Structures are given as structure tokens and as C-alpha cells.
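Have a look at structure_31.csv; it's CSV, C-alpha atoms:
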```
chain,number,residue,atom,x,y,z
A,1,MET,CA,-215.6,0.8,173.9
A,2,LYS,CA,-216.2,-2.4,175.7
A,3,THR,CA,-214.3,-4.3,173.0
A,4,ILE,CA,-211.3,-2.0,173.4
A,5,GLN,CA,-211.4,-2.3,177.1
A,6,LYS,CA,-211.4,-6.1,176.8
A,7,LEU,CA,-208.4,-6.0,174.4
A,8,LEU,CA,-206.4,-3.8,176.7
A,9,PHE,CA,-207.2,-6.1,179.7
A,10,LEU,CA,-206.1,-9.2,177.8
A,11,THR,CA,-202.9,-7.4,176.7
A,12,VAL,CA,-202.0,-6.4,180.2
A,13,VAL,CA,-202.7,-10.0,181.5
A,14,THR,CA,-200.8,-11.9,178.7
A,15,LEU,CA,-197.8,-9.5,178.3
A,16,PRO,CA,-195.9,-10.9,181.3
A,17,LEU,CA,-196.3,-14.4,179.9
A,18,PHE,CA,-194.4,-13.4,176.8
A,19,LEU,CA,-191.5,-12.1,178.9
A,20,LEU,CA,-191.3,-15.5,180.8
A,21,ALA,CA,-191.3,-17.6,177.6
A,22,GLY,CA,-188.0,-19.2,176.7
A,23,CYS,CA,-184.5,-19.0,178.3
A,24,TRP,CA,-182.4,-17.0,175.8
A,25,SER,CA,-179.2,-17.2,177.9
A,26,SER,CA,-179.5,-20.8,179.2
A,27,ILE,CA,-176.8,-23.4,178.8
A,28,GLU,CA,-177.9,-27.1,178.8
A,29,LEU,CA,-176.5,-29.4,181.5
A,30,ASN,CA,-174.8,-31.5,178.9
A,31,ASP,CA,-172.8,-28.4,177.9
A,32,ARG,CA,-171.6,-27.6,181.4
A,33,SER,CA,-168.6,-28.7,183.3
A,34,PHE,CA,-169.0,-28.3,187.1
A,35,ALA,CA,-165.8,-27.3,189.0
A,36,ARG,CA,-166.3,-28.9,192.4
A,37,MET,CA,-163.0,-27.8,193.9
A,38,MET,CA,-160.4,-25.1,193.3
A,39,LEU,CA,-156.7,-25.5,194.2
A,40,ILE,CA,-154.7,-22.3,194.0
A,41,ASP,CA,-150.9,-22.2,194.2
A,42,LYS,CA,-148.1,-19.6,193.7
A,43,ALA,CA,-146.2,-19.9,190.4
A,44,LYS,CA,-143.0,-18.2,189.3
A,45,GLU,CA,-145.0,-15.5,187.6
A,46,GLY,CA,-148.5,-15.2,189.0
A,47,ILE,CA,-150.5,-18.2,190.1
A,48,GLU,CA,-151.3,-21.8,189.2
A,49,LEU,CA,-155.0,-22.7,189.2
A,50,THR,CA,-156.3,-26.3,189.4
A,51,LEU,CA,-159.9,-27.2,189.0
A,52,ALA,CA,-161.4,-30.6,189.9
A,53,PHE,CA,-164.2,-31.8,187.6
A,54,PRO,CA,-166.4,-34.9,187.7
A,55,LEU,CA,-166.3,-36.9,184.5
A,56,PRO,CA,-169.9,-37.5,183.2
A,57,ASN,CA,-168.8,-40.5,181.0
A,58,ARG,CA,-167.5,-42.3,184.1
A,59,LEU,CA,-170.2,-41.5,186.7
A,60,ILE,CA,-172.4,-44.4,185.4
A,61,PRO,CA,-170.7,-47.8,185.7
A,62,GLY,CA,-170.1,-49.4,182.2
A,63,GLN,CA,-170.9,-46.2,180.4
A,64,SER,CA,-167.4,-45.6,179.2
A,65,GLY,CA,-166.2,-49.2,178.6
A,66,GLY,CA,-169.5,-51.0,178.0
A,67,THR,CA,-168.5,-53.9,180.3
A,68,GLY,CA,-170.7,-53.0,183.2
A,69,GLU,CA,-167.8,-52.0,185.4
A,70,GLN,CA,-166.5,-48.5,186.1
A,71,THR,CA,-163.2,-47.8,184.4
A,72,GLY,CA,-160.9,-45.2,185.9
A,73,LYS,CA,-161.6,-42.4,188.4
A,74,PRO,CA,-164.8,-40.5,188.0
A,75,TYR,CA,-163.0,-37.1,188.3
A,76,THR,CA,-160.1,-35.2,186.9
A,77,PHE,CA,-157.9,-32.2,187.6
A,78,ILE,CA,-156.9,-29.6,185.1
A,79,SER,CA,-154.2,-27.0,185.9
A,80,LYS,CA,-153.1,-23.8,184.1
A,81,LYS,CA,-150.8,-20.9,185.1
A,82,GLY,CA,-151.6,-17.3,184.6
A,83,ARG,CA,-150.9,-13.8,185.8
A,84,ASP,CA,-154.0,-14.0,188.0
A,85,ILE,CA,-156.9,-16.4,188.7
A,86,GLY,CA,-158.9,-14.9,185.9
A,87,GLU,CA,-156.3,-15.5,183.2
A,88,ALA,CA,-155.6,-19.1,184.4
A,89,TYR,CA,-159.3,-19.8,184.5
A,90,ARG,CA,-159.7,-18.6,180.9
A,91,LYS,CA,-156.8,-20.9,179.8
A,92,ILE,CA,-158.5,-23.9,181.3
A,93,GLN,CA,-161.8,-22.9,179.6
A,94,ALA,CA,-160.1,-22.7,176.3
A,95,ASP,CA,-159.1,-26.4,176.5
A,96,LEU,CA,-162.6,-27.6,177.4
A,97,SER,CA,-165.5,-28.5,175.2
A,98,ARG,CA,-168.0,-27.5,178.0
A,99,SER,CA,-168.6,-24.3,179.7
A,100,ILE,CA,-167.1,-24.1,183.2
A,101,THR,CA,-169.5,-23.2,186.1
A,102,PHE,CA,-168.7,-22.6,189.7
A,103,GLY,CA,-172.2,-23.4,190.9
A,104,GLN,CA,-171.2,-26.6,192.7
A,105,THR,CA,-167.8,-25.4,193.9
A,106,SER,CA,-167.8,-26.3,197.6
A,107,VAL,CA,-164.1,-26.2,198.6
A,108,ILE,CA,-161.2,-23.9,197.8
A,109,VAL,CA,-157.7,-24.9,198.9
A,110,LEU,CA,-154.7,-22.5,199.1
A,111,GLY,CA,-151.1,-23.4,198.9
A,112,ASN,CA,-148.6,-22.2,201.6
A,113,GLY,CA,-146.5,-20.2,199.1
A,114,LEU,CA,-149.5,-18.2,197.9
A,115,ALA,CA,-150.7,-17.7,201.5
A,116,LYS,CA,-147.3,-16.2,202.6
A,117,GLU,CA,-147.2,-13.9,199.5
A,118,GLY,CA,-150.7,-12.7,200.1
A,119,MET,CA,-154.2,-13.8,199.2
A,120,MET,CA,-155.7,-10.5,198.3
A,121,GLN,CA,-156.2,-11.5,194.7
A,122,VAL,CA,-158.1,-14.5,196.0
A,123,PHE,CA,-160.3,-12.2,198.0
A,124,ASP,CA,-160.8,-10.0,194.9
A,125,PHE,CA,-161.8,-13.0,192.7
A,126,LEU,CA,-164.2,-14.4,195.3
A,127,GLN,CA,-166.1,-11.1,195.7
A,128,ARG,CA,-166.4,-10.6,191.9
A,129,GLU,CA,-167.4,-14.2,191.0
A,130,PRO,CA,-171.1,-14.4,191.7
A,131,ARG,CA,-171.4,-18.2,190.9
A,132,ILE,CA,-169.2,-19.3,193.8
A,133,HIS,CA,-171.4,-20.1,196.8
A,134,ILE,CA,-170.7,-18.1,200.0
A,135,ASN,CA,-170.8,-21.3,202.1
A,136,ALA,CA,-167.9,-22.9,200.2
A,137,SER,CA,-165.2,-23.9,202.6
A,138,ILE,CA,-161.6,-22.7,202.4
A,139,TYR,CA,-158.5,-24.7,203.5
A,140,LEU,CA,-154.8,-24.1,203.8
A,141,THR,CA,-152.0,-26.7,202.9
A,142,PRO,CA,-148.5,-26.8,204.4
A,143,GLY,CA,-147.0,-27.2,200.9
A,144,LYS,CA,-148.7,-26.9,197.5
A,145,ALA,CA,-152.4,-27.3,197.2
A,146,GLN,CA,-151.8,-29.7,194.3
A,147,GLU,CA,-150.8,-32.4,196.8
A,148,LEU,CA,-154.6,-33.0,196.9
A,149,MET,CA,-154.4,-34.4,193.4
A,150,VAL,CA,-152.8,-37.6,194.5
A,151,VAL,CA,-154.9,-38.2,197.6
A,152,PRO,CA,-156.8,-41.4,197.2
A,153,SER,CA,-160.6,-41.5,197.7
A,154,ILE,CA,-161.2,-44.5,200.0
A,155,PHE,CA,-164.4,-43.7,201.7
A,156,GLU,CA,-165.8,-41.1,199.3
A,157,ARG,CA,-166.2,-41.0,195.6
A,158,PHE,CA,-164.6,-37.6,195.1
A,159,PRO,CA,-161.7,-36.0,197.1
A,160,VAL,CA,-163.7,-32.9,197.6
A,161,ASP,CA,-166.4,-34.8,199.6
A,162,ILE,CA,-163.7,-35.6,202.2
A,163,LEU,CA,-163.1,-31.9,202.8
A,164,VAL,CA,-166.9,-31.2,202.9
A,165,ASP,CA,-167.3,-33.8,205.5
A,166,TYR,CA,-164.5,-32.3,207.6
A,167,SER,CA,-166.5,-29.1,207.8
A,168,LYS,CA,-169.8,-30.8,208.5
A,169,ALA,CA,-168.4,-33.0,211.3
A,170,HIS,CA,-166.7,-30.0,213.0
A,171,VAL,CA,-163.4,-31.8,213.3
A,172,THR,CA,-161.7,-28.5,212.3
A,173,LEU,CA,-162.5,-24.9,211.8
A,174,ASN,CA,-165.1,-24.1,209.1
A,175,THR,CA,-164.0,-20.9,207.3
A,176,THR,CA,-166.2,-20.0,204.4
A,177,VAL,CA,-166.1,-17.7,201.4
A,178,LYS,CA,-168.5,-15.4,203.4
A,179,ASP,CA,-166.0,-15.2,206.2
A,180,CYS,CA,-163.3,-14.3,203.7
A,181,LEU,CA,-165.4,-11.5,202.2
A,182,VAL,CA,-166.2,-10.1,205.7
A,183,ALA,CA,-162.5,-10.3,206.6
A,184,PHE,CA,-161.5,-8.5,203.3
A,185,TYR,CA,-163.9,-5.7,204.1
A,186,HIS,CA,-162.4,-5.3,207.6
A,187,GLY,CA,-158.8,-5.4,206.6
A,188,GLY,CA,-157.9,-9.1,205.7
A,189,ASP,CA,-157.4,-10.7,209.2
A,190,ILE,CA,-158.7,-14.3,209.1
A,191,ILE,CA,-157.9,-17.8,210.3
A,192,LEU,CA,-158.0,-20.8,207.9
A,193,PRO,CA,-157.9,-24.5,208.8
A,194,SER,CA,-154.9,-26.4,207.8
A,195,LEU,CA,-154.6,-29.8,206.1
A,196,THR,CA,-151.9,-32.4,206.8
A,197,PHE,CA,-150.4,-35.0,204.4
A,198,GLU,CA,-148.5,-38.1,205.3
A,199,THR,CA,-147.4,-41.2,203.3
A,200,LYS,CA,-148.7,-44.5,204.5
A,201,THR,CA,-149.7,-47.9,203.2
A,202,LEU,CA,-153.5,-48.1,202.9
A,203,PRO,CA,-155.5,-51.4,203.1
A,204,THR,CA,-156.4,-51.1,199.4
A,205,GLU,CA,-152.8,-50.6,198.3
A,206,MET,CA,-150.8,-53.0,200.4
A,207,GLU,CA,-147.6,-52.7,198.3
A,208,ASN,CA,-147.8,-49.0,197.1
A,209,PRO,CA,-147.7,-46.3,199.8
A,210,GLN,CA,-150.2,-43.6,199.3
A,211,LYS,CA,-150.5,-40.0,200.5
A,212,TRP,CA,-153.1,-39.7,203.2
A,213,MET,CA,-154.8,-36.4,204.1
A,214,GLY,CA,-156.0,-35.3,207.5
A,215,THR,CA,-156.7,-32.2,209.5
A,216,GLY,CA,-154.1,-30.2,211.5
A,217,GLY,CA,-153.9,-26.8,213.0
A,218,ALA,CA,-154.7,-23.5,211.4
A,219,GLY,CA,-153.1,-20.5,209.7
A,220,ILE,CA,-153.3,-16.9,211.0
A,221,PHE,CA,-153.6,-14.2,208.3
A,222,ARG,CA,-152.8,-10.6,208.9
A,223,GLN,CA,-154.0,-8.2,206.1
A,224,GLY,CA,-154.3,-11.2,203.8
A,225,LYS,CA,-150.9,-12.7,204.5
A,226,LEU,CA,-150.0,-15.8,206.4
A,227,VAL,CA,-148.0,-14.7,209.5
A,228,ALA,CA,-148.3,-17.6,212.0
A,229,SER,CA,-149.8,-20.9,212.6
A,230,LEU,CA,-151.8,-22.6,215.3
A,231,SER,CA,-151.2,-26.1,216.6
A,232,THR,CA,-154.0,-28.5,216.7
A,233,TYR,CA,-154.4,-27.8,220.4
A,234,GLU,CA,-154.6,-24.1,219.8
A,235,MET,CA,-156.9,-24.6,216.8
A,236,ARG,CA,-159.4,-26.4,219.1
A,237,GLY,CA,-159.3,-23.4,221.4
A,238,ALA,CA,-160.1,-21.2,218.4
A,239,MET,CA,-163.1,-23.3,217.7
A,240,TRP,CA,-164.3,-22.7,221.3
A,241,VAL,CA,-163.9,-19.0,220.9
A,242,MET,CA,-165.7,-19.0,217.5
A,243,GLY,CA,-168.6,-21.2,218.8
A,244,GLN,CA,-167.8,-24.0,216.3
A,245,MET,CA,-166.9,-26.8,218.7
A,246,ARG,CA,-169.2,-29.8,218.4
A,247,ASN,CA,-168.9,-33.4,219.7
A,248,ALA,CA,-165.5,-32.7,221.3
A,249,GLU,CA,-163.9,-35.3,223.6
A,250,VAL,CA,-162.2,-33.9,226.7
A,251,SER,CA,-160.4,-35.7,229.4
A,252,VAL,CA,-159.9,-34.5,233.0
A,253,LYS,CA,-158.3,-36.0,236.1
A,254,SER,CA,-160.5,-36.9,239.1
A,255,SER,CA,-159.6,-35.4,242.5
A,256,THR,CA,-159.7,-38.8,244.2
A,257,ASP,CA,-157.1,-40.8,242.4
A,258,GLY,CA,-155.8,-38.6,239.6
A,259,LYS,CA,-157.1,-40.9,236.9
A,260,TYR,CA,-158.8,-39.7,233.8
A,261,VAL,CA,-162.5,-39.4,233.2
A,262,ASP,CA,-163.5,-38.8,229.5
A,263,TYR,CA,-166.5,-36.7,228.4
A,264,MET,CA,-168.1,-35.8,225.1
A,265,VAL,CA,-169.1,-32.1,224.7
A,266,ASN,CA,-172.4,-32.1,222.8
A,267,GLN,CA,-173.7,-28.5,222.8
A,268,THR,CA,-171.7,-25.3,223.1
A,269,ARG,CA,-172.8,-21.6,223.2
A,270,THR,CA,-170.3,-18.8,223.0
A,271,LYS,CA,-170.9,-15.1,223.7
A,272,ILE,CA,-168.4,-12.3,223.2
A,273,THR,CA,-169.0,-9.0,225.0
A,274,PRO,CA,-166.7,-6.0,224.8
A,275,SER,CA,-166.4,-3.1,227.2
A,276,ILE,CA,-164.3,0.1,226.8
A,277,SER,CA,-162.9,2.5,229.5
A,278,GLY,CA,-160.9,5.2,227.9
A,279,ASP,CA,-158.3,3.5,225.7
A,280,GLN,CA,-158.5,0.2,227.7
A,281,VAL,CA,-160.5,-2.4,225.8
A,282,MET,CA,-161.8,-5.5,227.6
A,283,ILE,CA,-163.3,-8.6,225.9
A,284,LYS,CA,-165.2,-11.2,227.9
A,285,ILE,CA,-165.7,-14.6,226.3
A,286,LYS,CA,-168.4,-16.7,227.9
A,287,VAL,CA,-168.9,-20.3,227.0
A,288,GLU,CA,-171.6,-22.7,228.1
A,289,ALA,CA,-171.6,-26.4,227.2
A,290,ASP,CA,-173.2,-29.7,227.9
A,291,ALA,CA,-171.2,-32.9,228.4
A,292,SER,CA,-171.9,-36.6,228.6
A,293,LEU,CA,-169.7,-39.3,230.2
A,294,ILE,CA,-167.9,-41.6,227.8
A,295,THR,CA,-165.5,-43.7,230.0
A,296,SER,CA,-164.0,-43.5,233.4
A,297,ASP,CA,-160.7,-45.0,234.6
A,298,SER,CA,-161.2,-43.4,238.0
A,299,ASP,CA,-162.9,-44.7,241.2
A,300,VAL,CA,-164.6,-41.4,241.8
A,301,ASP,CA,-168.2,-41.4,242.8
A,302,LEU,CA,-169.9,-39.9,239.7
A,303,LEU,CA,-173.2,-39.5,241.6
A,304,ASP,CA,-171.7,-37.4,244.3
A,305,PRO,CA,-172.7,-33.8,243.6
A,306,ALA,CA,-169.4,-32.4,245.1
A,307,GLN,CA,-167.3,-34.7,242.9
A,308,GLN,CA,-169.4,-33.9,239.9
A,309,HIS,CA,-168.9,-30.2,240.5
A,310,LYS,CA,-165.1,-30.7,240.6
A,311,LEU,CA,-165.1,-32.6,237.3
A,312,GLU,CA,-167.2,-29.9,235.7
A,313,GLN,CA,-164.8,-27.3,237.0
A,314,GLY,CA,-161.9,-29.3,235.6
A,315,ILE,CA,-163.5,-29.4,232.1
A,316,SER,CA,-164.2,-25.6,232.3
A,317,ASP,CA,-160.6,-24.8,233.3
A,318,LEU,CA,-159.4,-26.9,230.4
A,319,VAL,CA,-161.7,-25.0,227.9
A,320,GLU,CA,-160.5,-21.6,229.3
A,321,LYS,CA,-156.8,-22.6,228.9
A,322,ARG,CA,-157.4,-23.7,225.3
A,323,MET,CA,-159.2,-20.4,224.4
A,324,ALA,CA,-156.5,-18.4,226.1
A,325,LYS,CA,-153.7,-20.1,224.1
A,326,ALA,CA,-155.5,-19.4,220.8
A,327,VAL,CA,-156.3,-15.8,221.6
A,328,GLU,CA,-152.8,-14.9,222.9
A,329,ARG,CA,-151.2,-16.5,219.9
A,330,ALA,CA,-153.4,-14.3,217.6
A,331,LYS,CA,-152.8,-11.2,219.7
A,332,ALA,CA,-149.0,-11.7,219.4
A,333,THR,CA,-149.3,-11.5,215.6
A,334,GLY,CA,-151.5,-8.4,215.7
A,335,ALA,CA,-154.2,-10.2,213.6
A,336,ASP,CA,-157.8,-9.7,214.8
A,337,VAL,CA,-158.9,-13.1,213.5
A,338,PHE,CA,-161.6,-13.4,216.1
A,339,ARG,CA,-163.2,-10.1,215.0
A,340,PHE,CA,-163.1,-8.3,218.4
A,341,GLY,CA,-163.2,-5.1,216.5
A,342,GLU,CA,-166.5,-6.0,214.9
A,343,TYR,CA,-168.0,-6.8,218.3
A,344,ILE,CA,-167.0,-3.4,219.5
A,345,ASP,CA,-168.5,-1.8,216.4
A,346,TRP,CA,-171.8,-3.7,217.1
A,347,TYR,CA,-172.0,-3.0,220.9
A,348,GLU,CA,-170.3,0.3,221.1
A,349,PRO,CA,-170.5,2.0,217.7
A,350,ARG,CA,-169.5,5.5,219.0
A,351,GLN,CA,-166.5,4.2,220.9
A,352,TRP,CA,-165.5,2.2,217.9
A,353,ARG,CA,-165.5,5.2,215.6
A,354,ARG,CA,-163.2,6.8,218.2
A,355,ILE,CA,-160.7,4.0,218.5
A,356,ALA,CA,-160.9,2.5,215.0
A,357,PRO,CA,-157.9,4.5,213.6
A,358,GLN,CA,-155.5,3.1,216.2
A,359,TRP,CA,-157.2,-0.4,216.6
A,360,ARG,CA,-154.1,-2.2,215.3
A,361,ASP,CA,-152.1,-0.9,218.2
A,362,LEU,CA,-154.8,-1.2,220.8
A,363,TYR,CA,-155.6,-4.8,219.8
A,364,ARG,CA,-152.3,-6.2,221.2
A,365,LYS,CA,-153.2,-4.6,224.6
A,366,VAL,CA,-156.7,-5.9,224.8
A,367,THR,CA,-157.6,-7.6,228.1
A,368,VAL,CA,-159.4,-10.8,227.5
A,369,SER,CA,-161.3,-12.7,230.3
A,370,TYR,CA,-162.7,-16.2,230.0
A,371,ASP,CA,-165.7,-17.7,231.7
A,372,ALA,CA,-166.5,-21.3,230.7
A,373,HIS,CA,-169.3,-23.3,232.4
A,374,VAL,CA,-169.6,-26.9,231.5
A,375,THR,CA,-172.6,-29.0,232.8
A,376,ILE,CA,-172.5,-32.8,233.0
A,377,LYS,CA,-175.9,-33.9,232.0
A,378,ARG,CA,-175.6,-37.6,231.1
A,379,LEU,CA,-173.7,-40.3,232.9
A,380,GLY,CA,-175.1,-43.3,231.1
A,381,THR,CA,-176.7,-46.4,232.6
A,382,VAL,CA,-173.5,-47.6,234.3
A,383,LYS,CA,-172.7,-45.4,237.3
A,384,GLU,CA,-169.6,-47.2,238.5
A,385,PRO,CA,-166.5,-48.5,236.7
A,386,LEU,CA,-166.7,-52.2,235.9
A,387,ARG,CA,-163.7,-53.1,238.2
A,388,ILE,CA,-165.6,-51.6,241.2
A,389,GLN,CA,-168.7,-53.6,240.3
A,390,ASN,CA,-166.6,-56.8,240.0
A,391,SER,CA,-165.0,-56.0,243.3
A,392,ASN,CA,-168.4,-55.5,245.0
A,393,SER,CA,-169.7,-58.7,243.4
A,394,SER,CA,-166.6,-60.7,244.6
A,395,GLU,CA,-167.1,-59.4,248.2
A,396,ALA,CA,-170.8,-60.3,248.1
A,397,ASN,CA,-170.0,-63.9,247.0
A,398,ARG,CA,-167.6,-64.5,249.8
```
As C-alpha cells, what does this structure read like?
Amino acid sequence: MKTIQKLLFLTVVTLPLFLLAGCWSSIELNDRSFARMMLIDKAKEGIELTLAFPLPNRLIPGQSGGTGEQTGKPYTFISKKGRDIGEAYRKIQADLSRSITFGQTSVIVLGNGLAKEGMMQVFDFLQREPRIHINASIYLTPGKAQELMVVPSIFERFPVDILVDYSKAHVTLNTTVKDCLVAFYHGGDIILPSLTFETKTLPTEMENPQKWMGTGGAGIFRQGKLVASLSTYEMRGAMWVMGQMRNAEVSVKSSTDGKYVDYMVNQTRTKITPSISGDQVMIKIKVEADASLITSDSDVDLLDPAQQHKLEQGISDLVEKRMAKAVERAKATGADVFRFGEYIDWYEPRQWRRIAPQWRDLYRKVTVSYDAHVTIKRLGTVKEPLRIQNSNSSEANR
């Protein structure tokens, strides 16, 4: 009996080890092709999908040519058309010797034509493809997304890294796959950051003009379709509302001589609180921020508490105006891109169940109030403008 008990014990202990041995469904790295970026455009019939891949044989200098120098770009783009994203993806896979994986896809770019027609099929693909990370960023282009294919990589090795850095640096809105999935669940209202393209002569190509990429405004989507756009000024206001503003420069006029004083906003905190009275919905947006002085062209006494309070109020008023511009623009389109409905559902679930069926109509009538409070915390080591210091030194030397 003791022998049987020992055998049973060893069987129970070692059985899990057999289940862990081997990877029957694994694919070696050398057999994978990592799609780092997706470009999706509208085609005559269906869509045109472009995937950006790094080229392993060009990632190591000299590996492809044997000369010790890197030959050619270390990435490539492959495009195919299809009835939908899945069909175009399968056509691309059919031409590759490696298995495509979306495990490193960090950016998805949508063309303007597809955005106007509707991006519901994009939403559908994203929620069904488990390999795409939910933190991948999504951008909108004014023309075709394929314009990115000719953008030179000056400071980064891959074009996709430029877009990743835009999101990390908070120079524009950061809308992710997760945001799209949430928007799809609540009806398809979302806001996407826009890219801009212009032709200019770059330092590395003095004779041949190149297409340069930058950030612009944003696109407003209602039920998955592009219905309006935000200017860069309005997009900045949207960033304040959504709590994404970081390291923003703001300029205000002093009350003494009307000249500008420049500040850098370092930390921001946004809170959205709804309240309901009958069919009247009120939304309060409260923003708190810390600012530090950059430069001053004014003779204002920065150490005077009264003058500092006026400057803080000037920054706060500017923030409120920017937020109001963005919110009113969104309300005019009927697109709840700032998710006010979700806030009501969170704070007032019973009231939300009552007003949810007519929310599209009530949304345009929502009363929004703004309360921004910016505190100046750092003035730097120089308290007065240099011209005032020079004037004081001249008078002292007389």
C-alpha cells in the first residue's frame, strides 16, 4: 500500500510538468514578420491596407552588403487591397515568407476618405484581433494614410517611432485602441489626432524637397464617421478637457504694460462632474495646474502677490476659453467625444437609465461650466527682466 501511495503521489506531482514541456504552437522569431504600423485607406471597392515591417537583413550594418555599412532603409511597406481589412491582410500574408504578427504594432493611421465613409469595420477588426495592443495609438491624416510611406526618418530610425514620440511627448491627443473599443461600445463617438504634411527642403536633402510630417488639429467622429475637425487651438482645449495636457507653453499679458509673460504648465489635473435636474444636464469641468515662468517681456513685479494673482487668473481664463471652444465645437456636431454620458452613467446610474434613450438630443443642450485654477510655483533665479537689471545698474553707477 505504501508503494502504491508513493506512485500516486509522484504521478500527481510530475503530471503538470509533462503539460508544460514543449511549445507545440510556437513560431520561431526568425519565422515572424513584425508589423509595427498599419495604414488604412479607402479603395474603390473596400479598403487598402499597408503594413510597415522592419527588415531583419538591414538592421545590422553590413549584414546585407558585407561592406560594414548599412545599405538601404531598414524598413519597408507592403500594400494590398481587399473587401475588408481581413482580406487585405491575408493577401499580404500570402506574399510573405514569414508569419505576420501584430504584437509590436504601436501605431494605426486612418486616411481621410475612410474616416468620412465610416470606420466601423476598423473598430470591428480591432476588437477581434487579440494581438494588437490596446495602448497602440491611432492617428488621422488629411489625405491618404499612405503619405506616410514617403516621410523621411531624420531623427528616428523608423517612421513609426516619430508617431510614438508624439504621443509620449503629449504634443497632440493620444487616442488609443482601448479608447476606440470603449467608443465603439458606447456608439462610436470619438476624437482622433490629425497629422499634417508639407513639402520642404531638409538639411540632409538640400536639392530634393521632401515631405515633412507634423501634428495638427483633430477629427471629430460621430457614430464612427468623421463629421468635423478641430483646429490646433481647439485640439489643445480638448487636451485640457481630457486631462492629457503636459508641458504646455502659455502666454498672458501683464496688467501693467500689456506685454507678454510666458509660462510652462507642468502638471494638470482634470475632474468632470455631472449633475441632473429633470431633463437639464449640467457638466462641470474643473482643472488644476502648476506653472513655471519661462520668459518675461514685461516690467511687472513678479514677486508682488497681487500681480502674480492677476497673471494666474489670466492663464486660468485662457485655459477656460480653450476648453469652451473645443466642447462647443463637439456639441454642435452632436458627437459626445468627451464621454459626458459615461460620466453621468458613473455618477448617476439611475438618472442615466432614464435619459439614455434621448441622450443624443439632450447632449446638444448640456450646460457646461469651466473652473480652471493655475498656480505659479516657480519663477526661476532671475526675478526681474534683464533690461530692468541693466537700468538699475546704470543708475547705480552714475
(message) Could you tell me how far CA of Lys42 in chain A sits from CA of Ala330 in chain A, in Å to one decimal place?
(response)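 These two atoms are separated by 25.0 Å.
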(message) Would you compute the distance between CA of Glu198 in chain A and CA of Val109 in chain A? Give it in Å to one decimal.
(response) 17.3 Å
(request) Would you mind reading off the distance between CA of Gly72 in chain A and CA of Leu51 in chain A, one decimal, in Å? (result) 18.3 Å
(request) Name the residues in contact with Lys286 in chain A at a cut-off of 12 Å, using only C-alpha atoms, excluding same-chain residues fewer than 6 positions from it; report them as a count of residues only. (result) 22
Report the closest atom pair, with its distance in Å rounded to one decimal, for each residue of range 221-258 of chain A that has an atom no farther than 12 Å from range 133-146 of chain A; count all atoms listed in the file, sort by chain and then rising residue number, and write it as a tab-separated table.
```
residue	atom	partner	partner_atom	distance
A:Phe221	CA	A:Leu140	CA	10.9
A:Leu226	CA	A:Leu140	CA	9.9
A:Ala228	CA	A:Pro142	CA	11.9
A:Ser229	CA	A:Pro142	CA	10.2
A:Leu230	CA	A:Leu140	CA	12.0
```
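With only C-alpha atoms as the atoms that count, the minimum distance from Glu234 in chain A to the choices A:Ala326, A:Ile283, A:Ile47, A:Ala169 is reached by A:Ala326.
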(message) Let me make sure I understand: among A:Ser99, A:Gln121, A:Thr105, A:Asn174, which one has the smallest atom-to-atom distance to Asp84 in chain A if we use all atoms listed in the file?
(response)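 The closest residue to Asp84 in chain A is A:Gln121.
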(request) Determine, counting only C-alpha atoms, which protein, DNA and RNA residues have an atom within 9 Å of an atom of Phe184 in chain A; residues of the same chain fewer than 3 positions away are not included. Present the result as a VMD selection string. (result) chain A and resid 120 123 to 124 179 to 181 187 to 190 223 to 224
How would the residues just chosen look if you wrote them out with C-alpha atoms as a PDB file, keeping the file's coordinate frame?
```
ATOM      1  CA  MET A 120    -155.700 -10.500 198.300  1.00  0.00           C
ATOM      2  CA  PHE A 123    -160.300 -12.200 198.000  1.00  0.00           C
ATOM      3  CA  ASP A 124    -160.800 -10.000 194.900  1.00  0.00           C
ATOM      4  CA  ASP A 179    -166.000 -15.200 206.200  1.00  0.00           C
ATOM      5  CA  CYS A 180    -163.300 -14.300 203.700  1.00  0.00           C
ATOM      6  CA  LEU A 181    -165.400 -11.500 202.200  1.00  0.00           C
ATOM      7  CA  GLY A 187    -158.800  -5.400 206.600  1.00  0.00           C
ATOM      8  CA  GLY A 188    -157.900  -9.100 205.700  1.00  0.00           C
ATOM      9  CA  ASP A 189    -157.400 -10.700 209.200  1.00  0.00           C
ATOM     10  CA  ILE A 190    -158.700 -14.300 209.100  1.00  0.00           C
ATOM     11  CA  GLN A 223    -154.000  -8.200 206.100  1.00  0.00           C
ATOM     12  CA  GLY A 224    -154.300 -11.200 203.800  1.00  0.00           C
TER      13      GLY A 224
END
```
(message) Excluding Lys211 in chain A and its own-chain neighbours fewer than 5 positions away, which residues fall within 7 Å of it when counting only C-alpha atoms? Please give them as a list in words.
(response)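 Skipping anything fewer than 5 positions along the chain leaves Val150, Val151, Phe197, Glu198, Thr199 and Lys200 of chain A.
Comparing A:Thr172, A:Gln127, A:Ser33, A:Ser277 by their smallest distance to Thr196 in chain A, the closest is A:Thr172 (using all atoms listed in the file).
Residue nearest Glu288 in chain A within the list A:Ser231, A:Lys321, A:Thr375, A:Ile191: A:Thr375 [criterion: smallest interatomic distance, all atoms listed in the file].
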Spatial neighbours of Phe125 in chain A, max dist 10 Å, all atoms listed in the file, sep filter under 6 positions, as a PDB file with C-alpha atoms, keeping the file's coordinate frame:
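That gives us part_33.pdb:
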```
ATOM      1  CA  ASP A  84    -154.000 -14.000 188.000  1.00  0.00           C
ATOM      2  CA  ILE A  85    -156.900 -16.400 188.700  1.00  0.00           C
ATOM      3  CA  GLY A  86    -158.900 -14.900 185.900  1.00  0.00           C
ATOM      4  CA  ILE A 132    -169.200 -19.300 193.800  1.00  0.00           C
TER       5      ILE A 132
END
```
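Of the residues under consideration (A:Ser97, A:Ser79, A:Ser106, A:Thr232), A:Ser106 shows the shortest atom-to-atom contact distance to Arg36 in chain A when counting only C-alpha atoms.
With distances restricted to all atoms listed in the file, A:Arg222 is the closest residue to Phe338 in chain A from A:Lys116, A:Arg83, A:Lys91, A:Arg222.
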(message) For Arg360 in chain A, find every residue with an atom within 9 Å (counting only C-alpha atoms), except residues of its own chain fewer than 6 positions away, and show them as a ChimeraX atom specification.
(response) /A:334-336
